[in-house]
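To start, the structure under review is shown below, and the notes come after it.
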Amino acid sequence: MELTPRKNSLVLYKARPARVKQAGKKLELELPGGESLSVRPKDVVLLHPGPLESLGELDSDEGEIGAAWELLAGEVTDLAELAELAHGAYTPATAWSAWSWVADGLYFQGTPDRIVARTGKEVASEQASRQAREAEEKAWAGFVAGLAQGQLPPDAARFLREVEDLALGRADRSRVMRQLGRAETPESAHALLLKIGYWNPTVNPHPQRLAVPLSPPPVELVLPDLPPEPRVDLSHLVALAIDDEGNEEPDDALSLEGERLWVHVADVSALVPPDSPADLEARARGSTLYLPDGPVPMLPPEAVARLGLGLDEVSPALSFGLELDEAGELRTVEILPSWVRITRLTYEEAATRLDEEPLRGLDRLAARYQERRYALGAISLDLPEVRIWLEGERIRIRPIAPLRSRDIVTEAMLMAGEGAARFALERGLPLPFTTQAPPTSDDRPRDLAGMFALRRTLRPSEYSSVPGPHAGLGLPAYAQATSPLRRYLDLVVHQQIRAWLRQASRSEGAAGGEGNPSGSDLCGDPLDTAQIVERVGATVAAAGSVRSAERLSRLHWTLVYLLQNPGWQGEAILVDRTDLRGTVTIPALALEARVHLPRELPLNSTLRLSLNEVNLPGLAAHFRLEA
């Protein structure tokens, strides 16, 4: 077969037939439809030397292509022989017909000068693949047509899986969304899944979009036994663990011994030393994830069962002994492992017993400490708070009352945090300190609108290996230390303190010739500053995702609550205004919303709202003002 095209020969150009009108250094081609084109000879493949006067001559029947394949199955041929076998002649028309079968690829594959006839097994496999593709295309067409009419075929799940992946942040593309002309965004995918009823409003996509773990640590993370070390017995003191009703992680409690406040904290670092498997797992998570549909713990559930205060008759604790002077400043700080006997109370129960000891004495110390913090510029933002939880698929929301018992616990926790920082600074012990720069405003408003404005001027708290003031708390130095079951850097603070206590104990024992009186060296030496910085960096990233997941989830479930209560009405406070557009806060929901005002209204005005609509994928609710 000739390889050089000449005038009136049949060639293949970009999978289409073409007739050579003129040959030379370049070929002038006639293409289907009458178009002419000049190309290089190497850009075409010769199918037949001609003569071919018109592309209209290429019409030809299939011939005996099946018989030709049966004769050639598994063998090699060329285009001329294939055309002869199938049509009885090698002409431009039969060459194009034969080549069309080669291009189809079912029976033949290759080039004009080397065509391979596929085996029977290969043909059967290709036919099965084509039938499957045809069935899939038919199912896809039916799915798209049904979706356009709001109907879902029984097998829709396999096509919608990619839409779910987009809605959950696991993918950034979706053929379904493109086919429907919708934006390929998580919000748009979420809206589609809700519209067609494939998801119901209770599906919360936000934690998965942020890639936070939604299952507890693996059960393989077994914690060791408590080390055989001396513990001070403080079980004779009344120790009150005051929490919200239903709290399942009691990790702090308060005692009063004369003028000394004891803050008892679950002794997590006794079982979770640095770089242990449980420590590494907690570091990767950053903190416990609190969702309205239930918490996802930072540590194995075994940690709460064994270390939660009050879950056994006596509990191991790391106890902070704190004394204040008359000005409310910390005078002494003592930290030691202990045994405590816990009485559990809700905030509401404690609020009814403030005239009883030890709560009366605790209240007195808390007030003195709080007064000192405010004198140092502490900021109080009394903004609405609510508790959100699920009962089955029903959402419950209850405002959190501003009880004095909450203030007592808050002040005690802050006192322990300042005590931890003071303890570390006096001993040169590296810690992840919590700091905050001063706000840009000196105002200390007492109304909601003023506090709303002040909140926008506050700079975020930061973790640092370098101690510094926390302006919002009014403290010269501070380290979070009272939630090691729930926050990883609190656990690091405990690990550091425990390591220092063990080191000091070893030194005292060596000086007295007693060896290691604790009988254990589980925690090793304290971490250095570089190791603290490393842990801060890892935790800030992980805990930031957890906080975002919590915030978005609370908003999601608040909007689901409104969907479940479409006739909702309630009061709102106007906290910001630009012309006739206002921002309100709804105390009963702890929700902020934008509303259109009928006229200029003063800030802090009380407005009556009715629910208008909810945009769940967009995380927005729209309200109208009632007359």
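Note on naming: chains are A, B, ... as they come in the structure tokens, residues start from 1 per chain, ligands start from 1 in the order shown.
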
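Excluding Val203 in chain A and any residue on its chain fewer than 3 positions from it, the residues at most 12 Å away by only C-alpha atoms are Glu164, Ala167, Leu168, His190, Ala191, Leu193, Leu194, Gly197, Tyr198, Trp199, Asn200, His206, Pro207, Gln208, Asp293, Glu393, Ser553, His556, Trp557, Val560, Leu616 and Pro617 of chain A.
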
Item to check | alpha helix (DSSP H) call set, DSSP backbone run, range 357-475 of chain A, as a PyMOL selection string | outcome: chain A and resi 359-375+404-427+448-455

Can you write out the residues you just picked, keeping C-alpha atoms, as a CSV table (one decimal), in the first residue's frame?
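The resulting file, selection08.csv, is shown below:
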chain,number,residue,atom,x,y,z
A,359,LEU,CA,-20.8,28.5,99.3
A,360,ARG,CA,-21.1,31.6,101.4
A,361,GLY,CA,-17.3,31.7,102.0
A,362,LEU,CA,-16.6,30.8,98.4
A,363,ASP,CA,-18.8,33.7,97.3
A,364,ARG,CA,-16.9,36.1,99.5
A,365,LEU,CA,-13.6,35.1,98.1
A,366,ALA,CA,-14.9,35.2,94.5
A,367,ALA,CA,-16.3,38.7,95.0
A,368,ARG,CA,-13.0,39.9,96.4
A,369,TYR,CA,-11.1,38.4,93.5
A,370,GLN,CA,-13.6,39.7,90.9
A,371,GLU,CA,-13.4,43.2,92.3
A,372,ARG,CA,-9.6,43.2,91.9
A,373,ARG,CA,-9.8,42.0,88.3
A,374,TYR,CA,-12.3,44.7,87.4
A,375,ALA,CA,-10.0,47.3,89.0
A,404,ARG,CA,-24.2,34.1,91.0
A,405,SER,CA,-23.2,30.4,91.4
A,406,ARG,CA,-21.8,30.6,87.9
A,407,ASP,CA,-19.7,33.7,88.8
A,408,ILE,CA,-18.3,31.8,91.8
A,409,VAL,CA,-17.1,28.9,89.7
A,410,THR,CA,-15.8,31.3,87.0
A,411,GLU,CA,-13.7,33.3,89.5
A,412,ALA,CA,-12.4,30.2,91.1
A,413,MET,CA,-11.3,28.8,87.8
A,414,LEU,CA,-9.6,32.1,86.9
A,415,MET,CA,-7.9,32.1,90.3
A,416,ALA,CA,-6.5,28.6,89.6
A,417,GLY,CA,-5.3,29.7,86.1
A,418,GLU,CA,-3.5,32.7,87.6
A,419,GLY,CA,-2.1,30.4,90.3
A,420,ALA,CA,-0.8,28.0,87.7
A,421,ALA,CA,0.9,30.9,85.9
A,422,ARG,CA,2.4,32.3,89.1
A,423,PHE,CA,3.6,28.8,90.2
A,424,ALA,CA,5.4,28.4,86.8
A,425,LEU,CA,6.9,31.9,86.7
A,426,GLU,CA,8.4,31.5,90.2
A,427,ARG,CA,10.1,28.3,89.1
A,448,LEU,CA,-26.4,45.2,75.3
A,449,ALA,CA,-25.7,47.5,72.4
A,450,GLY,CA,-22.6,48.8,74.1
A,451,MET,CA,-21.3,45.3,74.8
A,452,PHE,CA,-22.1,44.3,71.2
A,453,ALA,CA,-19.9,47.2,70.0
A,454,LEU,CA,-17.2,46.5,72.6
A,455,ARG,CA,-17.0,42.9,71.6

Checklist entry - Can you list, as a list in words, every protein, DNA or RNA residue that comes within 6 Å of range 67-75 of chain A when you count only C-alpha atoms, leaving out same-chain residues fewer than 5 positions away? => result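 Once the nearby chain positions are removed, what remains is Leu85, Ala86, Val116, Ala117, Arg118 and Thr119 of chain A.
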
Next on the checklist: When you look at range 246-257 of chain A with a cut-off of 7 Å (counting only C-alpha atoms), what residues show up, excluding the ones that are within fewer than 4 positions of it in the same chain? I need them as a PyMOL selection string.
Outcome noted: chain A and resi 237-242+261-266+304+308-309+358+362+482-483+485

Next, dump the selected residues to file, keeping only N, CA and C atoms, as a PDB file, in the first residue's frame.
ATOM      1  N   LEU A 237     -12.657  17.500 103.423  1.00  0.00           N
ATOM      2  CA  LEU A 237     -13.235  18.785 103.036  1.00  0.00           C
ATOM      3  C   LEU A 237     -14.455  18.571 102.152  1.00  0.00           C
ATOM      4  N   VAL A 238     -15.458  19.419 102.335  1.00  0.00           N
ATOM      5  CA  VAL A 238     -16.591  19.425 101.407  1.00  0.00           C
ATOM      6  C   VAL A 238     -16.090  19.955 100.070  1.00  0.00           C
ATOM      7  N   ALA A 239     -16.237  19.167  99.027  1.00  0.00           N
ATOM      8  CA  ALA A 239     -15.761  19.546  97.697  1.00  0.00           C
ATOM      9  C   ALA A 239     -16.954  19.533  96.742  1.00  0.00           C
ATOM     10  N   LEU A 240     -17.299  20.707  96.232  1.00  0.00           N
ATOM     11  CA  LEU A 240     -18.496  20.860  95.403  1.00  0.00           C
ATOM     12  C   LEU A 240     -18.116  20.945  93.929  1.00  0.00           C
ATOM     13  N   ALA A 241     -18.611  20.001  93.150  1.00  0.00           N
ATOM     14  CA  ALA A 241     -18.471  20.053  91.685  1.00  0.00           C
ATOM     15  C   ALA A 241     -19.765  20.649  91.147  1.00  0.00           C
ATOM     16  N   ILE A 242     -19.721  21.899  90.732  1.00  0.00           N
ATOM     17  CA  ILE A 242     -20.920  22.638  90.328  1.00  0.00           C
ATOM     18  C   ILE A 242     -20.914  22.757  88.808  1.00  0.00           C
ATOM     19  N   LEU A 261      -8.843  28.701  99.450  1.00  0.00           N
ATOM     20  CA  LEU A 261      -9.677  28.083  98.423  1.00  0.00           C
ATOM     21  C   LEU A 261      -8.908  26.927  97.803  1.00  0.00           C
ATOM     22  N   TRP A 262      -9.558  25.794  97.730  1.00  0.00           N
ATOM     23  CA  TRP A 262      -8.997  24.650  97.007  1.00  0.00           C
ATOM     24  C   TRP A 262      -9.780  24.478  95.711  1.00  0.00           C
ATOM     25  N   VAL A 263      -9.065  24.499  94.601  1.00  0.00           N
ATOM     26  CA  VAL A 263      -9.661  24.155  93.311  1.00  0.00           C
ATOM     27  C   VAL A 263      -9.110  22.787  92.928  1.00  0.00           C
ATOM     28  N   HIS A 264      -9.978  21.800  92.970  1.00  0.00           N
ATOM     29  CA  HIS A 264      -9.584  20.429  92.650  1.00  0.00           C
ATOM     30  C   HIS A 264      -9.867  20.179  91.164  1.00  0.00           C
ATOM     31  N   VAL A 265      -8.879  19.661  90.459  1.00  0.00           N
ATOM     32  CA  VAL A 265      -9.018  19.423  89.023  1.00  0.00           C
ATOM     33  C   VAL A 265      -8.692  17.958  88.737  1.00  0.00           C
ATOM     34  N   ALA A 266      -9.481  17.345  87.866  1.00  0.00           N
ATOM     35  CA  ALA A 266      -9.242  15.944  87.499  1.00  0.00           C
ATOM     36  C   ALA A 266      -7.761  15.748  87.138  1.00  0.00           C
ATOM     37  N   VAL A 304     -12.637   9.759  81.469  1.00  0.00           N
ATOM     38  CA  VAL A 304     -13.702  10.361  82.280  1.00  0.00           C
ATOM     39  C   VAL A 304     -14.166   9.379  83.340  1.00  0.00           C
ATOM     40  N   GLY A 308     -13.057  11.420  86.274  1.00  0.00           N
ATOM     41  CA  GLY A 308     -14.108  12.397  86.524  1.00  0.00           C
ATOM     42  C   GLY A 308     -14.366  12.540  88.022  1.00  0.00           C
ATOM     43  N   LEU A 309     -14.438  13.780  88.500  1.00  0.00           N
ATOM     44  CA  LEU A 309     -14.593  14.026  89.934  1.00  0.00           C
ATOM     45  C   LEU A 309     -15.996  13.656  90.391  1.00  0.00           C
ATOM     46  N   PRO A 358     -20.058  25.667 102.416  1.00  0.00           N
ATOM     47  CA  PRO A 358     -18.953  26.596 102.128  1.00  0.00           C
ATOM     48  C   PRO A 358     -19.268  27.624 101.044  1.00  0.00           C
ATOM     49  N   LEU A 362     -17.093  30.825  99.753  1.00  0.00           N
ATOM     50  CA  LEU A 362     -16.606  30.829  98.378  1.00  0.00           C
ATOM     51  C   LEU A 362     -17.066  32.089  97.649  1.00  0.00           C
ATOM     52  N   THR A 482      -7.862  24.283  84.254  1.00  0.00           N
ATOM     53  CA  THR A 482      -8.928  23.602  84.998  1.00  0.00           C
ATOM     54  C   THR A 482      -9.764  22.640  84.157  1.00  0.00           C
ATOM     55  N   SER A 483      -9.380  22.396  82.907  1.00  0.00           N
ATOM     56  CA  SER A 483     -10.168  21.483  82.066  1.00  0.00           C
ATOM     57  C   SER A 483      -9.274  20.521  81.293  1.00  0.00           C
ATOM     58  N   LEU A 485      -9.469  17.404  80.982  1.00  0.00           N
ATOM     59  CA  LEU A 485     -10.233  16.372  80.285  1.00  0.00           C
ATOM     60  C   LEU A 485     -10.751  16.872  78.945  1.00  0.00           C
TER      61      LEU A 485
END

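Residues in contact with Gln22 in chain A at 7 Å, where only C-alpha atoms are counted and same-chain residues fewer than 4 positions away are skipped, are listed as Lys7, Leu27 and Glu28 of chain A.
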
Counting only C-alpha atoms, what is within 12 Å of Pro566 in chain A, bar same-chain residues fewer than 5 positions away, as a PDB file with N, CA, C and O atoms, in the first residue's frame?
ATOM      1  N   LEU A 559     -31.225  27.099  63.724  1.00  0.00           N
ATOM      2  CA  LEU A 559     -32.081  27.270  62.552  1.00  0.00           C
ATOM      3  C   LEU A 559     -33.009  26.066  62.370  1.00  0.00           C
ATOM      4  O   LEU A 559     -34.158  26.223  61.931  1.00  0.00           O
ATOM      5  N   VAL A 560     -32.530  24.877  62.685  1.00  0.00           N
ATOM      6  CA  VAL A 560     -33.411  23.701  62.632  1.00  0.00           C
ATOM      7  C   VAL A 560     -34.550  23.867  63.638  1.00  0.00           C
ATOM      8  O   VAL A 560     -35.710  23.526  63.359  1.00  0.00           O
ATOM      9  N   TYR A 561     -34.223  24.397  64.807  1.00  0.00           N
ATOM     10  CA  TYR A 561     -35.268  24.680  65.803  1.00  0.00           C
ATOM     11  C   TYR A 561     -36.331  25.605  65.219  1.00  0.00           C
ATOM     12  O   TYR A 561     -37.534  25.397  65.402  1.00  0.00           O
ATOM     13  N   SER A 610     -41.271  38.148  64.200  1.00  0.00           N
ATOM     14  CA  SER A 610     -41.874  36.889  63.761  1.00  0.00           C
ATOM     15  C   SER A 610     -40.961  36.267  62.714  1.00  0.00           C
ATOM     16  O   SER A 610     -40.368  36.988  61.893  1.00  0.00           O
ATOM     17  N   LEU A 611     -40.877  34.960  62.744  1.00  0.00           N
ATOM     18  CA  LEU A 611     -40.031  34.266  61.771  1.00  0.00           C
ATOM     19  C   LEU A 611     -40.625  34.403  60.379  1.00  0.00           C
ATOM     20  O   LEU A 611     -41.823  34.179  60.173  1.00  0.00           O
ATOM     21  N   ASN A 612     -39.788  34.761  59.421  1.00  0.00           N
ATOM     22  CA  ASN A 612     -40.224  34.878  58.033  1.00  0.00           C
ATOM     23  C   ASN A 612     -39.789  33.647  57.234  1.00  0.00           C
ATOM     24  O   ASN A 612     -40.608  32.944  56.665  1.00  0.00           O
ATOM     25  N   GLU A 613     -38.475  33.375  57.201  1.00  0.00           N
ATOM     26  CA  GLU A 613     -37.978  32.193  56.508  1.00  0.00           C
ATOM     27  C   GLU A 613     -36.613  31.812  57.061  1.00  0.00           C
ATOM     28  O   GLU A 613     -35.936  32.619  57.709  1.00  0.00           O
ATOM     29  N   VAL A 614     -36.225  30.573  56.762  1.00  0.00           N
ATOM     30  CA  VAL A 614     -34.930  30.055  57.197  1.00  0.00           C
ATOM     31  C   VAL A 614     -34.177  29.560  55.972  1.00  0.00           C
ATOM     32  O   VAL A 614     -34.712  28.797  55.169  1.00  0.00           O
ATOM     33  N   ALA A 621     -31.380  33.238  59.138  1.00  0.00           N
ATOM     34  CA  ALA A 621     -32.817  33.307  59.394  1.00  0.00           C
ATOM     35  C   ALA A 621     -33.273  34.732  59.150  1.00  0.00           C
ATOM     36  O   ALA A 621     -32.558  35.687  59.460  1.00  0.00           O
ATOM     37  N   HIS A 622     -34.444  34.881  58.583  1.00  0.00           N
ATOM     38  CA  HIS A 622     -34.986  36.197  58.268  1.00  0.00           C
ATOM     39  C   HIS A 622     -36.275  36.410  59.069  1.00  0.00           C
ATOM     40  O   HIS A 622     -37.136  35.517  59.111  1.00  0.00           O
ATOM     41  N   PHE A 623     -36.367  37.572  59.660  1.00  0.00           N
ATOM     42  CA  PHE A 623     -37.488  37.899  60.534  1.00  0.00           C
ATOM     43  C   PHE A 623     -38.170  39.172  60.050  1.00  0.00           C
ATOM     44  O   PHE A 623     -37.573  39.991  59.348  1.00  0.00           O
TER      45      PHE A 623
END

Next on the checklist: For Val595 in chain A, find every residue with an atom within 12 Å (counting only C-alpha atoms), except residues of its own chain fewer than 4 positions away, and show them as a list in words.
Outcome noted: Ala572, Ile573, Leu574, Val575, Asp576, Arg577, Thr578, Asp579, Leu580, Arg581, Gly582, Thr583, Val584, Thr585, Ile586, Arg599, Leu607, Arg608, Leu609, Ser610, Leu611, Asn612, Ala620, Ala621, His622, Phe623, Arg624, Leu625 and Glu626 of chain A

Pull N, CA, C and O atoms from the residues just selected and write them as a CSV table (one decimal), in the first residue's frame.
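Result saved to part-v1.csv:
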chain,number,residue,atom,x,y,z
A,572,ALA,N,-36.5,40.8,70.6
A,572,ALA,CA,-35.2,41.1,70.2
A,572,ALA,C,-34.7,42.5,70.7
A,572,ALA,O,-35.6,43.3,70.9
A,573,ILE,N,-33.4,42.6,70.9
A,573,ILE,CA,-32.9,43.9,71.3
A,573,ILE,C,-32.1,44.5,70.1
A,573,ILE,O,-31.2,43.8,69.6
A,574,LEU,N,-32.3,45.7,69.8
A,574,LEU,CA,-31.6,46.4,68.7
A,574,LEU,C,-30.2,46.8,69.3
A,574,LEU,O,-30.1,47.6,70.2
A,575,VAL,N,-29.1,46.2,68.7
A,575,VAL,CA,-27.8,46.4,69.2
A,575,VAL,C,-26.9,47.2,68.2
A,575,VAL,O,-25.8,47.7,68.6
A,576,ASP,N,-27.4,47.4,67.0
A,576,ASP,CA,-26.6,48.1,66.0
A,576,ASP,C,-27.6,48.6,64.9
A,576,ASP,O,-28.6,48.0,64.7
A,577,ARG,N,-27.2,49.7,64.3
A,577,ARG,CA,-28.1,50.3,63.3
A,577,ARG,C,-27.3,51.1,62.2
A,577,ARG,O,-26.4,51.8,62.6
A,578,THR,N,-27.7,50.9,61.0
A,578,THR,CA,-27.2,51.7,59.9
A,578,THR,C,-28.4,52.1,59.1
A,578,THR,O,-29.0,51.3,58.4
A,579,ASP,N,-28.7,53.4,59.2
A,579,ASP,CA,-30.0,53.9,58.5
A,579,ASP,C,-31.1,53.1,59.0
A,579,ASP,O,-31.4,53.0,60.2
A,580,LEU,N,-31.8,52.4,58.1
A,580,LEU,CA,-33.0,51.6,58.5
A,580,LEU,C,-32.7,50.1,58.5
A,580,LEU,O,-33.6,49.3,58.5
A,581,ARG,N,-31.4,49.8,58.5
A,581,ARG,CA,-31.1,48.4,58.6
A,581,ARG,C,-30.5,48.2,60.0
A,581,ARG,O,-29.6,48.9,60.5
A,582,GLY,N,-31.1,47.3,60.8
A,582,GLY,CA,-30.6,47.1,62.1
A,582,GLY,C,-30.1,45.6,62.4
A,582,GLY,O,-30.5,44.7,61.7
A,583,THR,N,-29.2,45.5,63.4
A,583,THR,CA,-28.8,44.2,63.9
A,583,THR,C,-29.4,44.0,65.2
A,583,THR,O,-29.3,44.9,66.1
A,584,VAL,N,-30.1,42.9,65.4
A,584,VAL,CA,-30.7,42.6,66.7
A,584,VAL,C,-30.1,41.3,67.3
A,584,VAL,O,-29.6,40.5,66.5
A,585,THR,N,-30.2,41.2,68.6
A,585,THR,CA,-29.9,39.9,69.2
A,585,THR,C,-31.2,39.4,69.9
A,585,THR,O,-31.9,40.2,70.4
A,586,ILE,N,-31.4,38.1,69.7
A,586,ILE,CA,-32.6,37.5,70.2
A,586,ILE,C,-32.2,36.7,71.4
A,586,ILE,O,-31.6,35.6,71.3
A,599,ARG,N,-38.5,52.8,61.0
A,599,ARG,CA,-38.0,54.2,61.2
A,599,ARG,C,-36.8,54.1,62.1
A,599,ARG,O,-36.4,53.0,62.5
A,607,LEU,N,-37.8,44.9,70.4
A,607,LEU,CA,-38.6,44.7,69.2
A,607,LEU,C,-39.3,43.4,69.3
A,607,LEU,O,-38.8,42.4,69.9
A,608,ARG,N,-40.5,43.3,68.6
A,608,ARG,CA,-41.2,42.0,68.5
A,608,ARG,C,-41.0,41.5,67.1
A,608,ARG,O,-41.3,42.1,66.1
A,609,LEU,N,-40.5,40.2,67.0
A,609,LEU,CA,-40.2,39.6,65.7
A,609,LEU,C,-41.0,38.4,65.5
A,609,LEU,O,-41.4,37.7,66.4
A,610,SER,N,-41.3,38.1,64.2
A,610,SER,CA,-41.9,36.9,63.8
A,610,SER,C,-41.0,36.3,62.7
A,610,SER,O,-40.4,37.0,61.9
A,611,LEU,N,-40.9,35.0,62.7
A,611,LEU,CA,-40.0,34.3,61.8
A,611,LEU,C,-40.6,34.4,60.4
A,611,LEU,O,-41.8,34.2,60.2
A,612,ASN,N,-39.8,34.8,59.4
A,612,ASN,CA,-40.2,34.9,58.0
A,612,ASN,C,-39.8,33.6,57.2
A,612,ASN,O,-40.6,32.9,56.7
A,620,ALA,N,-28.8,31.3,57.7
A,620,ALA,CA,-29.4,32.6,58.0
A,620,ALA,C,-30.9,32.4,58.2
A,620,ALA,O,-31.5,31.5,57.7
A,621,ALA,N,-31.4,33.2,59.1
A,621,ALA,CA,-32.8,33.3,59.4
A,621,ALA,C,-33.3,34.7,59.2
A,621,ALA,O,-32.6,35.7,59.5
A,622,HIS,N,-34.4,34.9,58.6
A,622,HIS,CA,-35.0,36.2,58.3
A,622,HIS,C,-36.3,36.4,59.1
A,622,HIS,O,-37.1,35.5,59.1
A,623,PHE,N,-36.4,37.6,59.7
A,623,PHE,CA,-37.5,37.9,60.5
A,623,PHE,C,-38.2,39.2,60.0
A,623,PHE,O,-37.6,40.0,59.3
A,624,ARG,N,-39.4,39.3,60.5
A,624,ARG,CA,-40.1,40.6,60.2
A,624,ARG,C,-40.6,41.2,61.5
A,624,ARG,O,-40.8,40.5,62.5
A,625,LEU,N,-40.6,42.5,61.6
A,625,LEU,CA,-41.1,43.2,62.8
A,625,LEU,C,-42.6,43.2,62.9
A,625,LEU,O,-43.3,43.4,61.9
A,626,GLU,N,-43.0,42.9,64.1
A,626,GLU,CA,-44.5,42.9,64.4
A,626,GLU,C,-44.8,44.4,64.8
A,626,GLU,O,-44.0,45.0,65.4

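Residue nearest Val76 in chain A, chosen from A:Val212, A:Leu318, A:Leu223, A:Ile115 and counting only C-alpha atoms: A:Ile115.
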
Checklist entry - A:Ala588, A:Leu31, A:Val340, A:Ala145: which is nearest Val386 in chain A, counting only C-alpha atoms? => result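 Using only C-alpha atoms, Val386 in chain A sits closest to A:Ala588.
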
Checklist entry - A:Gly328, A:Gly88, A:Pro217, A:Pro273: which is nearest Pro297 in chain A, counting only C-alpha atoms? => result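 The answer is A:Pro217, which sits nearest to Pro297 in chain A.
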